$ cat data35.cif   # mmCIF, C-alpha atoms
data_start
#
loop_
_atom_site.label_atom_id
_atom_site.label_comp_id
_atom_site.auth_asym_id
_atom_site.auth_seq_id
_atom_site.Cartn_x
_atom_site.Cartn_y
_atom_site.Cartn_z
CA MET L 1 17.71 20.64 7.37
CA GLN L 2 16.97 23.54 9.65
CA LEU L 3 13.54 24.46 8.23
CA LEU L 4 12.32 20.90 8.73
CA LYS L 5 13.63 20.65 12.30
CA GLU L 6 11.96 23.95 13.18
CA ARG L 7 8.70 22.67 11.75
CA ILE L 8 8.93 19.42 13.71
CA VAL L 9 9.52 21.40 16.90
CA LYS L 10 6.63 23.74 16.10
CA ASP L 11 4.01 21.30 14.82
CA GLY L 12 5.21 17.78 15.62
CA VAL L 13 3.64 15.99 18.55
CA ALA L 14 5.85 13.84 20.77
CA ILE L 15 4.06 10.79 22.12
CA GLY L 16 5.82 8.78 24.81
CA THR L 17 9.47 8.06 24.04
CA GLU L 18 9.10 6.56 20.57
CA ILE L 19 6.60 8.43 18.43
CA VAL L 20 6.57 11.83 16.73
CA LYS L 21 3.32 12.67 14.97
CA VAL L 22 3.79 14.91 11.94
CA ASP L 23 0.23 14.53 10.72
CA SER L 24 -0.25 18.24 10.33
CA PHE L 25 2.33 18.77 7.58
CA LEU L 26 3.70 15.47 6.30
CA ASN L 27 1.61 12.35 6.54
CA HIS L 28 -2.05 13.25 6.68
CA GLN L 29 -2.19 16.93 5.90
CA ILE L 30 0.64 17.82 3.49
CA ASP L 31 2.34 21.20 3.34
CA VAL L 32 3.33 21.09 -0.32
CA LEU L 33 5.76 24.01 -0.07
CA LEU L 34 7.67 22.30 2.72
CA VAL L 35 7.60 19.01 0.81
CA ASP L 36 9.10 20.81 -2.21
CA LYS L 37 11.92 22.14 -0.03
CA ILE L 38 12.52 18.59 1.18
CA GLY L 39 12.64 17.42 -2.44
CA GLU L 40 15.21 20.13 -3.21
CA GLU L 41 17.35 18.98 -0.29
CA PHE L 42 17.28 15.37 -1.51
CA TYR L 43 18.23 16.60 -4.96
CA ALA L 44 21.17 18.55 -3.55
CA ARG L 45 22.42 15.49 -1.69
CA PHE L 46 22.13 12.98 -4.53
CA LYS L 47 22.43 15.11 -7.67
CA ASP L 48 25.98 13.94 -8.45
CA GLN L 49 24.81 10.36 -8.82
CA LYS L 50 23.00 8.85 -11.76
CA ILE L 51 19.44 8.09 -10.72
CA ASP L 52 17.02 6.26 -13.03
CA LYS L 53 14.01 6.03 -10.75
CA ILE L 54 12.79 6.90 -7.29
CA LEU L 55 11.17 4.17 -5.25
CA THR L 56 8.93 4.89 -2.26
CA ILE L 57 6.11 3.18 -0.43
CA GLU L 58 2.47 4.18 -0.17
CA ALA L 59 1.14 6.44 1.14
CA SER L 60 3.19 9.03 3.02
CA GLY L 61 6.32 8.74 0.87
CA ILE L 62 4.57 9.66 -2.37
CA ALA L 63 4.41 13.44 -2.02
CA VAL L 64 8.08 13.79 -1.06
CA ALA L 65 9.19 11.32 -3.73
CA CYS L 66 7.33 13.30 -6.42
CA SER L 67 8.90 16.59 -5.34
CA ALA L 68 12.36 15.06 -5.62
CA ALA L 69 11.60 13.18 -8.86
CA ARG L 70 10.58 16.42 -10.59
CA LEU L 71 14.12 17.75 -10.05
CA PHE L 72 15.88 14.53 -11.06
CA GLY L 73 13.58 14.22 -14.10
CA VAL L 74 12.76 10.60 -13.31
CA PRO L 75 9.56 8.67 -12.55
CA VAL L 76 8.41 7.61 -9.08
CA ILE L 77 7.33 4.08 -8.27
CA PHE L 78 5.46 3.45 -5.07
CA ALA L 79 5.51 -0.01 -3.57
CA LYS L 80 2.04 -1.20 -2.63
CA LYS L 81 1.05 -2.73 0.64
CA SER L 82 -1.09 -5.80 0.41
CA GLU L 83 -2.27 -8.42 2.82
CA PRO L 84 0.11 -11.37 3.12
CA SER L 85 -2.65 -13.64 1.81
CA THR L 86 -3.19 -11.69 -1.40
CA MET L 87 -1.91 -13.40 -4.51
CA VAL L 88 0.05 -10.94 -6.57
CA ASP L 89 1.37 -12.06 -9.92
CA GLY L 90 4.18 -10.42 -11.77
CA THR L 91 5.55 -8.59 -8.77
CA TYR L 92 8.59 -8.53 -6.55
CA GLN L 93 7.41 -9.03 -2.99
CA THR L 94 8.79 -8.94 0.50
CA GLU L 95 7.55 -8.93 4.09
CA VAL L 96 7.86 -5.80 6.20
CA LYS L 97 7.24 -5.73 9.92
CA SER L 98 5.83 -2.50 11.31
CA PHE L 99 6.89 -1.88 14.89
CA THR L 100 4.36 0.90 15.44
CA LYS L 101 1.48 -1.19 14.13
CA ASN L 102 2.94 -4.46 15.44
CA LYS L 103 2.08 -6.43 12.33
CA SER L 104 3.71 -7.68 9.16
CA SER L 105 2.57 -6.78 5.73
CA ARG L 106 3.67 -7.71 2.27
CA ILE L 107 4.88 -4.94 0.00
CA CYS L 108 5.21 -5.39 -3.73
CA VAL L 109 6.30 -3.71 -6.92
CA SER L 110 5.38 -4.73 -10.45
CA LYS L 111 8.22 -6.38 -12.33
CA ASN L 112 7.44 -3.99 -15.20
CA TYR L 113 8.79 -0.94 -13.45
CA ILE L 114 12.19 -1.88 -12.05
CA SER L 115 14.71 -3.46 -14.39
CA ALA L 116 18.11 -5.06 -13.93
CA GLY L 117 20.92 -2.52 -13.74
CA GLU L 118 18.73 0.51 -13.02
CA LYS L 119 19.93 2.92 -10.36
CA ILE L 120 17.26 3.45 -7.75
CA LEU L 121 17.02 6.15 -5.08
CA ILE L 122 14.72 5.15 -2.24
CA ILE L 123 12.76 7.92 -0.51
CA ASP L 124 10.58 7.58 2.56
CA ASP L 125 9.11 9.78 5.26
CA PHE L 126 10.38 7.89 8.33
CA LEU L 127 13.26 5.61 9.22
CA ALA L 128 13.03 3.90 12.58
CA HIS L 129 14.01 0.24 12.90
CA GLY L 130 14.76 0.15 9.19
CA GLU L 131 12.24 -2.50 8.22
CA ALA L 132 10.55 -0.55 5.41
CA LEU L 133 13.86 0.62 3.95
CA THR L 134 15.29 -2.91 4.11
CA GLY L 135 12.17 -4.19 2.37
CA LEU L 136 12.37 -1.59 -0.39
CA ALA L 137 16.07 -2.31 -0.94
CA ASP L 138 15.18 -6.01 -1.10
CA LEU L 139 12.67 -5.33 -3.90
CA VAL L 140 15.35 -3.41 -5.80
CA GLY L 141 17.77 -6.31 -5.31
CA GLN L 142 15.22 -8.86 -6.53
CA ALA L 143 14.97 -6.86 -9.75
CA GLY L 144 18.75 -6.91 -10.20
CA ALA L 145 18.74 -3.13 -9.86
CA ILE L 146 21.04 -1.06 -7.64
CA THR L 147 20.02 0.97 -4.60
CA VAL L 148 22.07 4.14 -4.97
CA GLY L 149 21.02 5.48 -1.59
CA ALA L 150 18.08 6.46 0.58
CA GLY L 151 16.62 9.87 1.33
CA ILE L 152 14.69 9.96 4.59
CA VAL L 153 12.71 12.90 5.93
CA ILE L 154 12.82 11.99 9.61
CA GLU L 155 15.15 9.40 11.12
CA LYS L 156 14.53 8.22 14.65
CA GLN L 157 18.19 7.50 15.17
CA PHE L 158 17.69 6.01 18.64
CA GLN L 159 15.78 3.12 17.08
CA GLY L 160 18.94 2.02 15.32
CA GLY L 161 17.76 1.05 11.83
CA GLY L 162 19.65 3.79 10.04
CA ASP L 163 23.04 3.13 11.62
CA GLN L 164 22.70 -0.60 11.00
CA LEU L 165 21.98 -0.03 7.30
CA ARG L 166 24.80 2.54 7.01
CA GLN L 167 27.21 -0.02 8.46
CA ALA L 168 26.00 -2.42 5.80
CA GLY L 169 27.13 0.15 3.21
CA LEU L 170 23.97 2.05 2.29
CA GLN L 171 24.21 5.83 1.84
CA ILE L 172 21.36 7.26 3.88
CA GLU L 173 20.63 10.98 3.93
CA SER L 174 18.22 11.89 6.73
CA LEU L 175 17.05 15.49 6.86
CA ALA L 176 16.14 15.45 10.55
CA LYS L 177 17.75 12.98 12.92
CA ILE L 178 15.97 12.56 16.21
CA THR L 179 18.15 11.24 19.01
CA ALA L 180 15.53 11.08 21.77
CA ILE L 181 11.96 11.91 22.68
CA LYS L 182 11.44 12.68 26.35
CA ASP L 183 8.77 14.49 28.35
CA GLY L 184 7.24 15.90 25.20
CA VAL L 185 10.57 17.28 23.97
CA ILE L 186 12.18 16.16 20.70
CA TYR L 187 15.99 16.09 20.65
CA PHE L 188 17.92 16.29 17.38
CA ALA L 189 21.45 15.22 16.40
CA ASP L 190 23.82 18.16 15.76
CA MET E 191 -7.37 16.91 -21.80
CA GLN E 192 -5.80 15.74 -25.02
CA LEU E 193 -2.35 14.88 -23.65
CA LEU E 194 -3.90 12.63 -21.02
CA LYS E 195 -6.19 10.86 -23.48
CA GLU E 196 -3.26 10.21 -25.78
CA ARG E 197 -1.29 8.77 -22.90
CA ILE E 198 -4.16 6.51 -21.88
CA VAL E 199 -4.42 5.23 -25.45
CA LYS E 200 -0.65 4.72 -25.63
CA ASP E 201 0.06 3.21 -22.22
CA GLY E 202 -3.25 2.29 -20.62
CA VAL E 203 -4.28 -1.36 -20.64
CA ALA E 204 -7.93 -2.21 -21.23
CA ILE E 205 -9.05 -5.27 -19.30
CA GLY E 206 -12.46 -6.71 -20.12
CA THR E 207 -15.19 -4.09 -20.37
CA GLU E 208 -14.71 -2.33 -17.05
CA ILE E 209 -11.06 -1.79 -16.19
CA VAL E 210 -8.33 0.47 -17.55
CA LYS E 211 -4.94 -0.05 -15.96
CA VAL E 212 -2.82 3.09 -15.84
CA ASP E 213 -0.16 1.60 -13.60
CA SER E 214 2.65 2.75 -15.83
CA PHE E 215 2.12 6.50 -15.38
CA LEU E 216 -0.49 7.22 -12.71
CA ASN E 217 -1.09 4.73 -9.95
CA HIS E 218 1.99 2.62 -9.42
CA GLN E 219 4.67 4.24 -11.50
CA ILE E 220 4.08 8.01 -11.61
CA ASP E 221 5.08 10.27 -14.49
CA VAL E 222 5.55 13.45 -12.48
CA LEU E 223 5.62 15.73 -15.55
CA LEU E 224 2.25 14.41 -16.70
CA VAL E 225 0.89 14.68 -13.17
CA ASP E 226 2.00 18.33 -13.08
CA LYS E 227 0.12 18.98 -16.35
CA ILE E 228 -2.94 17.39 -14.78
CA GLY E 229 -2.52 19.66 -11.75
CA GLU E 230 -2.36 22.69 -14.07
CA GLU E 231 -5.57 21.61 -15.79
CA PHE E 232 -7.39 21.29 -12.45
CA TYR E 233 -6.10 24.72 -11.50
CA ALA E 234 -7.40 26.17 -14.76
CA ARG E 235 -10.84 24.69 -14.18
CA PHE E 236 -11.24 25.74 -10.52
CA LYS E 237 -9.04 28.83 -10.21
CA ASP E 238 -12.00 31.24 -10.10
CA GLN E 239 -13.29 29.65 -6.95
CA LYS E 240 -11.99 30.12 -3.45
CA ILE E 241 -10.34 26.88 -2.34
CA ASP E 242 -9.01 26.43 1.21
CA LYS E 243 -7.83 22.83 0.99
CA ILE E 244 -7.61 19.90 -1.35
CA LEU E 245 -8.89 16.56 -0.12
CA THR E 246 -7.91 13.26 -1.72
CA ILE E 247 -7.64 9.63 -0.66
CA GLU E 248 -4.56 7.48 -0.30
CA ALA E 249 -2.65 6.41 -2.24
CA SER E 250 -3.10 7.19 -5.95
CA GLY E 251 -4.71 10.58 -5.49
CA ILE E 252 -1.82 12.09 -3.54
CA ALA E 253 0.56 12.94 -6.40
CA VAL E 254 -2.11 14.67 -8.47
CA ALA E 255 -3.52 16.48 -5.45
CA CYS E 256 -0.06 17.84 -4.56
CA SER E 257 0.54 19.11 -8.10
CA ALA E 258 -2.74 21.01 -8.03
CA ALA E 259 -2.29 22.23 -4.43
CA ARG E 260 1.04 23.84 -5.32
CA LEU E 261 -0.78 26.11 -7.79
CA PHE E 262 -3.68 26.92 -5.48
CA GLY E 263 -1.24 27.54 -2.61
CA VAL E 264 -3.22 25.31 -0.24
CA PRO E 265 -2.47 22.13 1.74
CA VAL E 266 -3.51 18.63 0.75
CA ILE E 267 -5.24 16.26 3.12
CA PHE E 268 -5.42 12.61 2.23
CA ALA E 269 -8.15 10.47 3.74
CA LYS E 270 -6.79 7.26 5.18
CA LYS E 271 -8.17 3.82 4.61
CA SER E 272 -8.53 1.67 7.67
CA GLU E 273 -10.16 -1.62 8.46
CA PRO E 274 -13.80 -1.25 9.55
CA SER E 275 -12.86 -2.79 12.90
CA THR E 276 -10.19 -0.22 13.72
CA MET E 277 -11.13 2.28 16.38
CA VAL E 278 -10.24 5.73 15.22
CA ASP E 279 -10.71 8.60 17.62
CA GLY E 280 -10.99 12.22 16.65
CA THR E 281 -11.82 11.50 13.03
CA TYR E 282 -14.65 11.86 10.60
CA GLN E 283 -15.34 8.44 9.14
CA THR E 284 -17.44 6.86 6.45
CA GLU E 285 -17.79 3.52 4.66
CA VAL E 286 -16.77 3.20 1.02
CA LYS E 287 -17.52 0.18 -1.10
CA SER E 288 -14.98 -0.67 -3.77
CA PHE E 289 -16.55 -2.35 -6.79
CA THR E 290 -13.21 -3.44 -8.24
CA LYS E 291 -12.08 -5.00 -4.98
CA ASN E 292 -15.60 -6.06 -3.95
CA LYS E 293 -15.19 -4.99 -0.34
CA SER E 294 -16.05 -2.12 1.95
CA SER E 295 -13.51 -0.11 3.81
CA ARG E 296 -13.68 2.75 6.24
CA ILE E 297 -12.02 6.00 5.27
CA CYS E 298 -11.26 8.70 7.77
CA VAL E 299 -9.89 12.19 8.18
CA SER E 300 -8.69 13.80 11.39
CA LYS E 301 -11.07 16.41 12.75
CA ASN E 302 -8.05 18.70 13.10
CA TYR E 303 -7.65 19.28 9.38
CA ILE E 304 -11.09 20.12 8.03
CA SER E 305 -13.05 22.87 9.73
CA ALA E 306 -16.59 24.19 9.41
CA GLY E 307 -17.01 26.64 6.56
CA GLU E 308 -13.84 25.69 4.70
CA LYS E 309 -14.08 25.31 0.94
CA ILE E 310 -12.74 21.94 -0.13
CA LEU E 311 -11.79 20.75 -3.61
CA ILE E 312 -11.79 16.97 -3.88
CA ILE E 313 -9.27 15.39 -6.24
CA ASP E 314 -9.00 11.72 -7.16
CA ASP E 315 -7.50 9.57 -9.88
CA PHE E 316 -10.62 7.60 -10.86
CA LEU E 317 -14.36 8.06 -10.78
CA ALA E 318 -16.41 4.99 -11.55
CA HIS E 319 -19.51 4.23 -9.48
CA GLY E 320 -18.86 7.31 -7.39
CA GLU E 321 -18.43 5.57 -4.04
CA ALA E 322 -15.07 7.12 -3.13
CA LEU E 323 -16.15 10.61 -4.18
CA THR E 324 -19.41 10.28 -2.27
CA GLY E 325 -17.44 9.14 0.79
CA LEU E 326 -15.01 12.06 0.56
CA ALA E 327 -17.86 14.54 0.17
CA ASP E 328 -19.52 12.92 3.18
CA LEU E 329 -16.38 13.56 5.29
CA VAL E 330 -16.41 17.20 4.18
CA GLY E 331 -20.09 17.46 5.11
CA GLN E 332 -19.50 15.92 8.55
CA ALA E 333 -16.97 18.68 9.20
CA GLY E 334 -19.48 21.36 8.22
CA ALA E 335 -17.21 22.31 5.33
CA ILE E 336 -18.26 22.83 1.70
CA THR E 337 -17.32 20.66 -1.25
CA VAL E 338 -16.61 23.21 -3.97
CA GLY E 339 -16.19 20.58 -6.66
CA ALA E 340 -14.27 17.51 -7.70
CA GLY E 341 -11.36 17.13 -10.08
CA ILE E 342 -11.05 13.62 -11.50
CA VAL E 343 -8.27 12.35 -13.73
CA ILE E 344 -10.18 9.50 -15.41
CA GLU E 345 -13.94 9.09 -15.28
CA LYS E 346 -15.46 5.81 -16.41
CA GLN E 347 -18.65 7.53 -17.46
CA PHE E 348 -20.41 4.28 -18.38
CA GLN E 349 -20.37 3.27 -14.72
CA GLY E 350 -22.67 6.17 -13.92
CA GLY E 351 -21.26 7.59 -10.69
CA GLY E 352 -20.25 10.93 -12.17
CA ASP E 353 -23.55 11.73 -13.83
CA GLN E 354 -25.46 10.78 -10.69
CA LEU E 355 -23.34 13.14 -8.57
CA ARG E 356 -23.61 15.93 -11.17
CA GLN E 357 -27.39 15.61 -11.06
CA ALA E 358 -27.13 15.98 -7.29
CA GLY E 359 -25.44 19.35 -7.90
CA LEU E 360 -21.72 18.61 -7.62
CA GLN E 361 -19.37 20.28 -10.12
CA ILE E 362 -17.17 17.48 -11.42
CA GLU E 363 -14.34 18.16 -13.84
CA SER E 364 -13.02 14.94 -15.38
CA LEU E 365 -9.99 15.24 -17.62
CA ALA E 366 -10.63 12.03 -19.55
CA LYS E 367 -14.12 10.58 -19.82
CA ILE E 368 -14.25 6.99 -20.94
CA THR E 369 -17.55 5.95 -22.48
CA ALA E 370 -16.75 2.31 -23.17
CA ILE E 371 -14.04 -0.33 -23.10
CA LYS E 372 -14.45 -3.03 -25.74
CA ASP E 373 -12.12 -5.57 -27.35
CA GLY E 374 -9.10 -3.83 -25.88
CA VAL E 375 -10.14 -0.42 -27.23
CA ILE E 376 -10.86 2.54 -24.96
CA TYR E 377 -13.55 4.98 -26.19
CA PHE E 378 -13.66 8.58 -24.97
CA ALA E 379 -16.46 11.15 -24.83
CA ASP E 380 -16.02 14.03 -27.31
#

$ encode --input "data35.cif" --output "structure tokens"
Amino acid sequence: MQLLKERIVKDGVAIGTEIVKVDSFLNHQIDVLLVDKIGEEFYARFKDQKIDKILTIEASGIAVACSAARLFGVPVIFAKKSEPSTMVDGTYQTEVKSFTKNKSSRICVSKNYISAGEKILIIDDFLAHGEALTGLADLVGQAGAITVGAGIVIEKQFQGGGDQLRQAGLQIESLAKITAIKDGVIYFAD
Amino acid sequence: MQLLKERIVKDGVAIGTEIVKVDSFLNHQIDVLLVDKIGEEFYARFKDQKIDKILTIEASGIAVACSAARLFGVPVIFAKKSEPSTMVDGTYQTEVKSFTKNKSSRICVSKNYISAGEKILIIDDFLAHGEALTGLADLVGQAGAITVGAGIVIEKQFQGGGDQLRQAGLQIESLAKITAIKDGVIYFAD
């Protein structure tokens, strides 16, 4: 998605060889017009499939998920992060390791909002090692629902999570694929 | 806002005398169409004022804030919650006590995204004792910006935070004001 890549080049901040900060338009300050364009692109890529619900994870996935959900005419569910020690009844739960934060957290979704057989599109802002996406797909699986695919705003392809999950059969549509970050420069696939 | 009140009566769950769960359409599963109507209502109530940015807090405020921001043509900023021990550089920070969770947390906003003199509309899903709203207004004040007003989806008026902040001069527009919760019944003002 050209518009997105241009915006990452213009306003993203490359830190070291692993991190791109997009705080200024995606995950702290939100440019709603850009987010709507991202939602349109996800719709274009998945519109031929039946989607019952969109699943994301708090907090940065919510805006993008809502923009896409409006076009699909389906609700959004956002998985909640809770401390591993927290008792959560009536939920599907799984552990997700964050490489950037170097800690594990439990994510959960109420059993009320994903049902067996439902077709779920997962949407998230970043895909790196694939831990969050794997966790979300696990929640869908626990419910007996089907993960139709995943829409990702920015994939850090060099961290390998996306290709691993594609090999496992998941359709992943990433709107900007970063192949490397070096000396403050962000390199994209194609 | 009649549509919202009807939805709260239909799908909200009253727990004890203090809590209304609206997990099924607002803060876990999100009904994007309803959230857009809520955004329109906030726009109607604040459209005569100059608004530069909308400030909310992760995670449940984000969807509503984005729906309103689209109409105002301004960006959203969401304050982040972090552990009190976390060092956060380059941010405005304040402590917020949560009565429901019975703990304090630090919320913060990058200094890059609120500037002196900017006119900020605060949007949040709930207003109860007023701690979150007070914290958000404090962040705005630290930046030398101006809190133009606050748009709240559900105010639990009987918990007093809203009236206290109104007396202090803040314009608060709450779309559903709950005056009491008793025996599973939710009572609204007017």

$ atom_distance --input "data35.cif" --atom1 "CA of Phe78 in chain L" --atom2 "CA of Val212 in chain E"
13.6 Å

$ atom_distance --input "data35.cif" --atom1 "CA of Ala327 in chain E" --atom2 "CA of Glu230 in chain E"
22.6 Å

$ atom_distance --input "data35.cif" --atom1 "CA of Gln219 in chain E" --atom2 "CA of Pro75 in chain L"
6.7 Å

$ residues_around --input "data35.cif" --residues "Ala370 in chain E" --least-positions-apart "4" --cutoff "7 Å" --atoms "only C-alpha atoms" --output "list in words"
Phe348, Ile376 and Tyr377 of chain E

$ write_last_selection --input "data35.cif" --atoms "C-alpha atoms" --output "CSV table (one decimal), in the coordinates of the input"
chain,number,residue,atom,x,y,z
E,348,PHE,CA,-20.4,4.3,-18.4
E,376,ILE,CA,-10.9,2.5,-25.0
E,377,TYR,CA,-13.6,5.0,-26.2

$ closest_residue --input "data35.cif" --among "L:Ser82, L:Asn27, L:Thr91, L:Gln167" --to "Arg106 in chain L" --atoms "all atoms listed in the file"
L:Ser82

$ interface_residues --input "data35.cif" --of "chain L" --to "chain E" --cutoff "7 Å" --atoms "all atoms listed in the file" --output "MDAnalysis selection string"
chainID L and resid 28:32 58:59 62:63 66 70 75:78 113

$ resolve_selection --input "data35.cif" --expression "the PyMOL selection byres ((chain E and resi 344) around 10)" --output "list of chain:residue names"
E:Leu194, E:Lys195, E:Ile198, E:Val210, E:Val212, E:Asp314, E:Asp315, E:Phe316, E:Leu317, E:Ala318, E:Gly341, E:Ile342, E:Val343, E:Glu345, E:Lys346, E:Gln347, E:Glu363, E:Ser364, E:Leu365, E:Ala366, E:Lys367, E:Ile368

$ residues_around --input "data35.cif" --residues "Phe46 in chain L" --least-positions-apart "6" --cutoff "10 Å" --atoms "all atoms listed in the file" --output "mmCIF file with C-alpha atoms, keeping the file's coordinate frame"
data_model
loop_
_atom_site.group_PDB
_atom_site.id
_atom_site.type_symbol
_atom_site.label_atom_id
_atom_site.label_comp_id
_atom_site.auth_asym_id
_atom_site.auth_seq_id
_atom_site.Cartn_x
_atom_site.Cartn_y
_atom_site.Cartn_z
ATOM 1 C CA PHE L 72 15.880 14.530 -11.060
ATOM 2 C CA LEU L 121 17.020 6.150 -5.080
ATOM 3 C CA VAL L 148 22.070 4.140 -4.970
ATOM 4 C CA GLY L 149 21.020 5.480 -1.590
ATOM 5 C CA ALA L 150 18.080 6.460 0.580
ATOM 6 C CA GLY L 151 16.620 9.870 1.330
ATOM 7 C CA GLN L 171 24.210 5.830 1.840
ATOM 8 C CA GLU L 173 20.630 10.980 3.930
#

$ closest_residue --input "data35.cif" --among "L:Gly130, L:Gly162, L:Gly141, L:Gly39" --to "Gln93 in chain L" --atoms "only C-alpha atoms"
L:Gly141

$ resolve_selection --input "data35.cif" --expression "the PyMOL selection byres ((chain L and resi 99) around 10)" --output "MDAnalysis selection string"
chainID L and resid 96:98 100:104 128:131

$ residues_near_point --input "data35.cif" --point "(-4.7, 1.9, -27.3)" --cutoff "6 Å" --atoms "only C-alpha atoms" --output "list in words"
Val199, Lys200 and Val375 of chain E
